[in-house]
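What follows is the content of work-v8.cif, which has mmCIF, C-alpha atoms:
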data_target
#
loop_
_atom_site.label_atom_id
_atom_site.label_comp_id
_atom_site.auth_asym_id
_atom_site.auth_seq_id
_atom_site.Cartn_x
_atom_site.Cartn_y
_atom_site.Cartn_z
CA MET A 1 44.73 -20.10 -13.54
CA VAL A 2 42.64 -16.90 -13.59
CA ALA A 3 39.44 -18.85 -14.34
CA GLU A 4 40.20 -21.24 -11.48
CA ASN A 5 40.67 -18.32 -9.04
CA GLU A 6 37.40 -16.72 -10.22
CA ALA A 7 35.53 -20.00 -9.73
CA ARG A 8 36.98 -20.39 -6.22
CA THR A 9 36.01 -16.79 -5.36
CA ARG A 10 32.44 -17.33 -6.64
CA ARG A 11 32.13 -20.51 -4.53
CA ARG A 12 33.40 -18.67 -1.44
CA SER A 13 31.09 -15.75 -2.15
CA ALA A 14 28.11 -18.06 -2.65
CA ALA A 15 28.94 -19.81 0.63
CA LYS A 16 29.23 -16.46 2.46
CA HIS A 17 26.01 -15.25 0.89
CA LYS A 18 24.14 -18.34 2.10
CA SER A 19 25.79 -18.09 5.52
CA ILE A 20 24.59 -14.49 5.89
CA LEU A 21 21.01 -15.32 4.86
CA ASP A 22 21.00 -18.29 7.25
CA ALA A 23 22.36 -16.11 10.07
CA ALA A 24 19.71 -13.45 9.40
CA ALA A 25 16.95 -16.08 9.53
CA LEU A 26 18.37 -17.49 12.77
CA ALA A 27 18.63 -14.03 14.35
CA ALA A 28 15.00 -13.31 13.46
CA SER A 29 14.00 -16.59 15.12
CA ASN A 30 16.10 -16.03 18.22
CA VAL A 31 15.72 -12.31 18.95
CA GLY A 32 13.12 -11.11 16.43
CA TYR A 33 13.39 -8.73 13.50
CA ASP A 34 13.56 -5.53 15.57
CA ALA A 35 16.38 -6.71 17.85
CA SER A 36 18.41 -8.20 15.00
CA THR A 37 21.38 -6.09 13.99
CA ILE A 38 23.88 -6.27 11.18
CA GLU A 39 26.57 -6.75 13.84
CA LEU A 40 24.77 -9.80 15.28
CA ILE A 41 24.18 -11.29 11.84
CA ALA A 42 27.80 -10.68 10.79
CA ALA A 43 29.09 -12.35 13.96
CA GLN A 44 26.85 -15.40 13.45
CA ALA A 45 27.81 -15.65 9.78
CA GLU A 46 31.49 -15.12 10.65
CA VAL A 47 31.87 -12.29 8.16
CA GLY A 48 32.62 -8.60 8.50
CA LYS A 49 29.85 -6.00 8.52
CA GLN A 50 31.36 -4.53 5.36
CA THR A 51 30.68 -7.82 3.54
CA ILE A 52 27.00 -7.58 4.40
CA TYR A 53 26.81 -3.91 3.42
CA ARG A 54 28.57 -4.68 0.14
CA TRP A 55 25.66 -6.94 -0.85
CA TRP A 56 22.73 -5.29 0.95
CA PRO A 57 22.39 -1.54 1.54
CA SER A 58 20.29 -1.99 4.68
CA LYS A 59 18.96 -4.45 7.23
CA ALA A 60 15.58 -4.30 5.48
CA ALA A 61 17.12 -5.26 2.13
CA LEU A 62 18.94 -8.19 3.75
CA TYR A 63 15.77 -9.36 5.47
CA LEU A 64 13.71 -8.97 2.32
CA GLU A 65 16.03 -11.37 0.51
CA THR A 66 16.03 -13.70 3.52
CA TYR A 67 12.22 -13.71 3.50
CA LYS A 68 12.10 -14.42 -0.23
CA GLN A 69 14.54 -17.31 0.20
CA LEU A 70 12.46 -18.81 3.00
CA VAL A 71 9.21 -18.71 1.00
CA SER A 72 10.72 -19.55 -2.40
CA GLY A 73 9.55 -23.16 -2.24
CA VAL A 74 5.90 -22.14 -1.89
CA THR A 75 4.43 -22.26 -5.38
CA MET A 76 0.94 -22.00 -6.77
CA PRO A 77 -0.67 -25.45 -7.16
CA SER A 78 -1.36 -26.79 -10.64
CA THR A 79 -4.16 -25.51 -12.82
CA ASP A 80 -6.11 -28.77 -12.33
CA HIS A 81 -8.12 -27.07 -9.57
CA SER A 82 -10.35 -24.02 -9.36
CA CYS A 83 -8.75 -20.63 -8.76
CA ARG A 84 -10.37 -20.52 -5.33
CA HIS A 85 -8.91 -23.92 -4.37
CA ARG A 86 -5.46 -23.08 -5.76
CA LEU A 87 -5.28 -19.81 -3.82
CA GLN A 88 -6.40 -21.50 -0.60
CA ARG A 89 -3.81 -24.27 -0.96
CA PHE A 90 -1.10 -21.71 -1.73
CA LEU A 91 -1.92 -19.72 1.41
CA VAL A 92 -1.99 -22.84 3.60
CA ALA A 93 1.49 -23.77 2.33
CA LEU A 94 2.71 -20.19 2.92
CA PHE A 95 1.31 -20.17 6.46
CA SER A 96 3.08 -23.45 7.14
CA VAL A 97 6.38 -21.81 6.21
CA TYR A 98 5.51 -18.90 8.52
CA SER A 99 4.96 -21.26 11.44
CA HIS A 100 8.07 -23.41 10.82
CA THR A 101 10.61 -20.70 9.92
CA SER A 102 11.29 -17.07 10.77
CA ALA A 103 9.55 -15.88 7.56
CA GLY A 104 6.48 -14.65 9.45
CA ASN A 105 8.63 -12.81 12.01
CA ILE A 106 10.60 -11.20 9.21
CA LEU A 107 7.55 -10.08 7.23
CA GLY A 108 5.89 -8.75 10.39
CA GLY A 109 9.05 -6.78 11.21
CA LEU A 110 9.26 -5.34 7.70
CA ILE A 111 5.58 -4.36 7.78
CA GLY A 112 6.02 -2.64 11.14
CA GLU A 113 9.11 -0.75 10.00
CA MET A 114 7.40 0.35 6.78
CA ALA A 115 5.03 2.54 8.81
CA SER A 116 7.82 4.88 9.90
CA ASN A 117 10.61 4.37 7.38
CA LEU A 118 10.22 5.50 3.77
CA GLU A 119 13.31 3.57 2.61
CA VAL A 120 11.96 0.33 4.04
CA ARG A 121 8.60 1.05 2.40
CA LYS A 122 10.31 1.50 -0.97
CA THR A 123 12.42 -1.64 -0.46
CA VAL A 124 9.37 -3.78 0.35
CA GLN A 125 7.26 -2.24 -2.38
CA SER A 126 9.80 -2.87 -5.13
CA GLY A 127 11.27 -6.11 -3.80
CA LEU A 128 8.15 -7.86 -2.62
CA LEU A 129 4.87 -6.27 -3.69
CA LEU A 130 5.83 -5.54 -7.29
CA GLU A 131 8.14 -8.50 -7.78
CA ARG A 132 5.95 -11.22 -6.27
CA SER A 133 2.44 -9.87 -6.91
CA SER A 134 1.95 -12.04 -10.00
CA ILE A 135 1.83 -15.13 -7.76
CA LEU A 136 -1.68 -14.11 -6.68
CA ILE A 137 -2.72 -11.97 -9.64
CA ASP A 138 -2.07 -14.52 -12.42
CA PRO A 139 -4.43 -17.25 -11.16
CA ILE A 140 -7.11 -14.65 -10.42
CA ARG A 141 -6.79 -13.28 -13.96
CA ALA A 142 -7.10 -16.83 -15.30
CA GLY A 143 -10.22 -17.34 -13.16
CA ILE A 144 -11.74 -14.12 -14.53
CA ALA A 145 -10.89 -15.10 -18.12
CA SER A 146 -12.39 -18.58 -17.73
CA GLY A 147 -15.62 -17.19 -16.23
CA GLU A 148 -15.04 -18.93 -12.89
CA LEU A 149 -14.82 -15.61 -11.06
CA GLY A 150 -17.87 -13.73 -12.30
CA ASN A 151 -17.89 -11.41 -9.26
CA VAL A 152 -14.30 -10.26 -9.73
CA ILE A 153 -13.53 -7.36 -12.02
CA ARG A 154 -9.90 -6.53 -11.19
CA ALA A 155 -7.43 -9.24 -10.23
CA GLU A 156 -5.09 -6.67 -8.64
CA GLU A 157 -7.75 -5.54 -6.17
CA SER A 158 -8.57 -9.10 -5.15
CA ALA A 159 -4.87 -9.82 -4.63
CA ASP A 160 -4.57 -6.63 -2.55
CA ILE A 161 -7.43 -7.82 -0.32
CA ILE A 162 -5.68 -11.14 0.32
CA ILE A 163 -2.38 -9.41 1.11
CA ALA A 164 -4.03 -6.86 3.41
CA LEU A 165 -5.87 -9.55 5.35
CA ILE A 166 -2.69 -11.62 5.77
CA TRP A 167 -0.62 -8.63 6.86
CA LYS A 168 -3.26 -7.57 9.39
CA GLN A 169 -3.48 -11.07 10.83
CA LEU A 170 0.31 -11.41 10.88
CA LEU A 171 0.58 -8.29 13.03
CA ILE A 172 -2.36 -9.03 15.34
CA GLU A 173 -2.57 -12.81 15.76
CA PRO A 174 -0.04 -14.69 13.59
CA GLN A 175 -0.90 -18.09 15.10
CA ALA A 176 -4.36 -17.78 13.50
CA LEU A 177 -2.86 -17.95 10.01
CA ASN A 178 -4.24 -21.39 9.23
CA THR A 179 -6.46 -23.29 6.79
CA ARG A 180 -9.62 -21.63 8.08
CA PHE A 181 -8.12 -18.17 7.69
CA ALA A 182 -6.86 -19.03 4.17
CA LYS A 183 -10.40 -19.97 3.12
CA ARG A 184 -11.87 -16.81 4.69
CA ALA A 185 -9.30 -14.52 3.03
CA VAL A 186 -9.72 -16.06 -0.41
CA ASP A 187 -13.52 -16.05 -0.17
CA ALA A 188 -13.52 -12.39 0.90
CA ALA A 189 -11.21 -11.42 -1.97
CA LEU A 190 -13.16 -13.37 -4.58
CA GLY A 191 -16.64 -12.37 -3.43
CA TYR A 192 -17.80 -15.75 -2.12
CA GLN A 193 -20.37 -15.71 0.68
#
Will you turn the file into structure tokens for me?
Amino acid sequence: MVAENEARTRRRSAAKHKSILDAAALAASNVGYDASTIELIAAQAEVGKQTIYRWWPSKAALYLETYKQLVSGVTMPSTDHSCRHRLQRFLVALFSVYSHTSAGNILGGLIGEMASNLEVRKTVQSGLLLERSSILIDPIRAGIASGELGNVIRAEESADIIIALIWKQLLIEPQALNTRFAKRAVDAALGYQ
């Protein structure tokens, strides 16, 4: 009986969790990151604010998880291609998610809030930059090791260049995040002319 109640509670909690993330994504699409509030998200998810705060300490933490959920299906293409080609294809797939979901709005909002809020900066740094940086760094390291990337010395710096270029474009002209931009960003980071 106890195990059955625990299983039912986990299912309800998982359903609430998904409902909250979906409501946060919808709010970011409808009113934008800045205008989204925990109250709005709670009302759309049909949960109490305390439920949201039990799982996420802040709006930024909630939106960071929402962002990660939205982009979770974007993976690095297989190793059958060059590092340059793999990175370009990865970015094109990521940009497609940005244009078809609220992921781009969310990331832009988090970036903007990082400038004036130390807690948001820490949340994004630990939950996004440190946690997901290997997605770009690992293929660059492999390209360096194989000799493909003779101009690249540090994979971390090349990954930082890609991230910086994307973030800048996301804030200035997000609709220009496309295949052409993906090629430009990767070529700049890897030293291609």
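If you look at CA of Leu21 (chain A) and CA of Lys59 (chain A), they are 11.3 Å away from each other.
Taking all atoms listed in the file into account, Ser134 (chain A) lies nearest to A:Ala159 out of the set A:Ile41, A:Ala103, A:Leu170, A:Ala159.
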Discussion item. Since I can't run it myself right now, could you work out what the PyMOL selection byres ((chain A and resi 154) around 10) selects here and report it as a PyMOL selection string?
Written reply: chain A and resi 137+140-141+144+151-153+155-159
Item to complete: Tell me which of A:Cys83, A:Ala35, A:Ala61, A:Ile135 sits closest to Leu149 (chain A), counting only C-alpha atoms.
Response: A:Cys83
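The shell of residues at most 8 Å from region 108-118 of chain A, with all atoms listed in the file counted and near chain neighbours (fewer than 5 positions) removed, consists of Gly32, Tyr33, Asp34, Ala60, Tyr63, Leu64, Val124, Trp167, Leu170 and Leu171 of chain A.
Distance-wise, CA of Val74 (chain A) and CA of Val97 (chain A) end up 8.1 Å apart.
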Discussion item. Around the point (-11.4, -15.8, 1.6) (coordinates from the file), which residues reach within 10 Å if we count only C-alpha atoms? Answer as a PyMOL selection string.
Written reply: chain A and resi 84+87-88+158+161-162+165+180-193
Write the residues of the preceding selection, restricted to C-alpha atoms, as a PDB file, in the coordinates of the input.
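Result file follows (again-v1.pdb):
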ATOM      1  CA  ARG A  84     -10.370 -20.520  -5.330  1.00  0.00           C
ATOM      2  CA  LEU A  87      -5.280 -19.810  -3.820  1.00  0.00           C
ATOM      3  CA  GLN A  88      -6.400 -21.500  -0.600  1.00  0.00           C
ATOM      4  CA  SER A 158      -8.570  -9.100  -5.150  1.00  0.00           C
ATOM      5  CA  ILE A 161      -7.430  -7.820  -0.320  1.00  0.00           C
ATOM      6  CA  ILE A 162      -5.680 -11.140   0.320  1.00  0.00           C
ATOM      7  CA  LEU A 165      -5.870  -9.550   5.350  1.00  0.00           C
ATOM      8  CA  ARG A 180      -9.620 -21.630   8.080  1.00  0.00           C
ATOM      9  CA  PHE A 181      -8.120 -18.170   7.690  1.00  0.00           C
ATOM     10  CA  ALA A 182      -6.860 -19.030   4.170  1.00  0.00           C
ATOM     11  CA  LYS A 183     -10.400 -19.970   3.120  1.00  0.00           C
ATOM     12  CA  ARG A 184     -11.870 -16.810   4.690  1.00  0.00           C
ATOM     13  CA  ALA A 185      -9.300 -14.520   3.030  1.00  0.00           C
ATOM     14  CA  VAL A 186      -9.720 -16.060  -0.410  1.00  0.00           C
ATOM     15  CA  ASP A 187     -13.520 -16.050  -0.170  1.00  0.00           C
ATOM     16  CA  ALA A 188     -13.520 -12.390   0.900  1.00  0.00           C
ATOM     17  CA  ALA A 189     -11.210 -11.420  -1.970  1.00  0.00           C
ATOM     18  CA  LEU A 190     -13.160 -13.370  -4.580  1.00  0.00           C
ATOM     19  CA  GLY A 191     -16.640 -12.370  -3.430  1.00  0.00           C
ATOM     20  CA  TYR A 192     -17.800 -15.750  -2.120  1.00  0.00           C
ATOM     21  CA  GLN A 193     -20.370 -15.710   0.680  1.00  0.00           C
TER      22      GLN A 193
END
Fill in: Interatomic distance (Å, one decimal) between CA of Tyr67 (chain A) and CA of Pro139 (chain A)
22.5 Å
Response to the item:
Using all atoms listed in the file, the shortest atom-to-atom distance to Phe90 (chain A) among A:Ile106, A:Leu136, A:Val47, A:Val120 belongs to A:Leu136
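If you apply the PyMOL selection byres ((chain A and resi 24) around 8) to this structure, you end up with Ile20, Leu21, Asp22, Ala23, Ala25, Leu26, Ala27, Ala28, Ser36, Ile41, Leu62, Tyr63 and Thr66 of chain A.
Nearest residue to Ile163 (chain A) among A:Ala145, A:Ala15, A:Leu128, A:Ala176 is A:Leu128, counting all atoms listed in the file.
Of the residues listed (A:Glu46, A:Gly127, A:Leu70, A:Glu119), A:Leu70 shows the shortest atom-to-atom separation from Thr101 (chain A); distances use only C-alpha atoms.
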Missing atoms in region 109-127 of chain A should be modelled up to N, CA, C and O atoms and reported as a PDB file, in the coordinates of the input.
ATOM      1  N   GLY A 109       8.095  -7.843  10.898  1.00  0.00           N
ATOM      2  CA  GLY A 109       9.050  -6.780  11.210  1.00  0.00           C
ATOM      3  C   GLY A 109       9.161  -5.765  10.085  1.00  0.00           C
ATOM      4  O   GLY A 109       9.200  -4.549  10.329  1.00  0.00           O
ATOM      5  N   LEU A 110       9.195  -6.253   8.856  1.00  0.00           N
ATOM      6  CA  LEU A 110       9.260  -5.340   7.700  1.00  0.00           C
ATOM      7  C   LEU A 110       8.002  -4.488   7.612  1.00  0.00           C
ATOM      8  O   LEU A 110       8.072  -3.284   7.357  1.00  0.00           O
ATOM      9  N   ILE A 111       6.846  -5.105   7.835  1.00  0.00           N
ATOM     10  CA  ILE A 111       5.580  -4.360   7.780  1.00  0.00           C
ATOM     11  C   ILE A 111       5.583  -3.267   8.846  1.00  0.00           C
ATOM     12  O   ILE A 111       5.218  -2.114   8.580  1.00  0.00           O
ATOM     13  N   GLY A 112       5.987  -3.627  10.055  1.00  0.00           N
ATOM     14  CA  GLY A 112       6.020  -2.640  11.140  1.00  0.00           C
ATOM     15  C   GLY A 112       6.967  -1.491  10.838  1.00  0.00           C
ATOM     16  O   GLY A 112       6.639  -0.323  11.085  1.00  0.00           O
ATOM     17  N   GLU A 113       8.125  -1.799  10.285  1.00  0.00           N
ATOM     18  CA  GLU A 113       9.110  -0.750  10.000  1.00  0.00           C
ATOM     19  C   GLU A 113       8.679   0.123   8.824  1.00  0.00           C
ATOM     20  O   GLU A 113       9.048   1.295   8.750  1.00  0.00           O
ATOM     21  N   MET A 114       7.869  -0.428   7.927  1.00  0.00           N
ATOM     22  CA  MET A 114       7.400   0.350   6.780  1.00  0.00           C
ATOM     23  C   MET A 114       6.592   1.573   7.224  1.00  0.00           C
ATOM     24  O   MET A 114       6.605   2.604   6.546  1.00  0.00           O
ATOM     25  N   ALA A 115       5.906   1.453   8.340  1.00  0.00           N
ATOM     26  CA  ALA A 115       5.030   2.540   8.810  1.00  0.00           C
ATOM     27  C   ALA A 115       5.809   3.813   9.103  1.00  0.00           C
ATOM     28  O   ALA A 115       5.271   4.913   8.944  1.00  0.00           O
ATOM     29  N   SER A 116       7.063   3.683   9.505  1.00  0.00           N
ATOM     30  CA  SER A 116       7.820   4.880   9.900  1.00  0.00           C
ATOM     31  C   SER A 116       9.090   5.110   9.086  1.00  0.00           C
ATOM     32  O   SER A 116       9.810   6.066   9.353  1.00  0.00           O
ATOM     33  N   ASN A 117       9.353   4.262   8.106  1.00  0.00           N
ATOM     34  CA  ASN A 117      10.610   4.370   7.380  1.00  0.00           C
ATOM     35  C   ASN A 117      10.341   4.298   5.878  1.00  0.00           C
ATOM     36  O   ASN A 117      10.029   3.225   5.350  1.00  0.00           O
ATOM     37  N   LEU A 118      10.488   5.427   5.205  1.00  0.00           N
ATOM     38  CA  LEU A 118      10.220   5.500   3.770  1.00  0.00           C
ATOM     39  C   LEU A 118      11.121   4.571   2.969  1.00  0.00           C
ATOM     40  O   LEU A 118      10.672   3.934   2.016  1.00  0.00           O
ATOM     41  N   GLU A 119      12.382   4.448   3.343  1.00  0.00           N
ATOM     42  CA  GLU A 119      13.310   3.570   2.610  1.00  0.00           C
ATOM     43  C   GLU A 119      12.867   2.115   2.705  1.00  0.00           C
ATOM     44  O   GLU A 119      12.931   1.383   1.718  1.00  0.00           O
ATOM     45  N   VAL A 120      12.440   1.707   3.882  1.00  0.00           N
ATOM     46  CA  VAL A 120      11.960   0.330   4.040  1.00  0.00           C
ATOM     47  C   VAL A 120      10.697   0.138   3.206  1.00  0.00           C
ATOM     48  O   VAL A 120      10.525  -0.888   2.540  1.00  0.00           O
ATOM     49  N   ARG A 121       9.822   1.121   3.218  1.00  0.00           N
ATOM     50  CA  ARG A 121       8.600   1.050   2.400  1.00  0.00           C
ATOM     51  C   ARG A 121       8.941   0.862   0.929  1.00  0.00           C
ATOM     52  O   ARG A 121       8.359   0.017   0.239  1.00  0.00           O
ATOM     53  N   LYS A 122       9.901   1.626   0.429  1.00  0.00           N
ATOM     54  CA  LYS A 122      10.310   1.500  -0.970  1.00  0.00           C
ATOM     55  C   LYS A 122      10.942   0.138  -1.239  1.00  0.00           C
ATOM     56  O   LYS A 122      10.691  -0.480  -2.277  1.00  0.00           O
ATOM     57  N   THR A 123      11.762  -0.337  -0.301  1.00  0.00           N
ATOM     58  CA  THR A 123      12.420  -1.640  -0.460  1.00  0.00           C
ATOM     59  C   THR A 123      11.384  -2.751  -0.543  1.00  0.00           C
ATOM     60  O   THR A 123      11.455  -3.609  -1.418  1.00  0.00           O
ATOM     61  N   VAL A 124      10.404  -2.737   0.346  1.00  0.00           N
ATOM     62  CA  VAL A 124       9.370  -3.780   0.350  1.00  0.00           C
ATOM     63  C   VAL A 124       8.479  -3.650  -0.871  1.00  0.00           C
ATOM     64  O   VAL A 124       8.123  -4.651  -1.502  1.00  0.00           O
ATOM     65  N   GLN A 125       8.129  -2.428  -1.233  1.00  0.00           N
ATOM     66  CA  GLN A 125       7.260  -2.240  -2.380  1.00  0.00           C
ATOM     67  C   GLN A 125       7.911  -2.770  -3.655  1.00  0.00           C
ATOM     68  O   GLN A 125       7.290  -3.514  -4.415  1.00  0.00           O
ATOM     69  N   SER A 126       9.163  -2.428  -3.896  1.00  0.00           N
ATOM     70  CA  SER A 126       9.800  -2.870  -5.130  1.00  0.00           C
ATOM     71  C   SER A 126      10.244  -4.324  -5.059  1.00  0.00           C
ATOM     72  O   SER A 126      10.134  -5.060  -6.028  1.00  0.00           O
ATOM     73  N   GLY A 127      10.716  -4.777  -3.897  1.00  0.00           N
ATOM     74  CA  GLY A 127      11.270  -6.110  -3.800  1.00  0.00           C
ATOM     75  C   GLY A 127      10.288  -7.196  -3.455  1.00  0.00           C
ATOM     76  O   GLY A 127      10.580  -8.377  -3.605  1.00  0.00           O
TER      77      GLY A 127
END
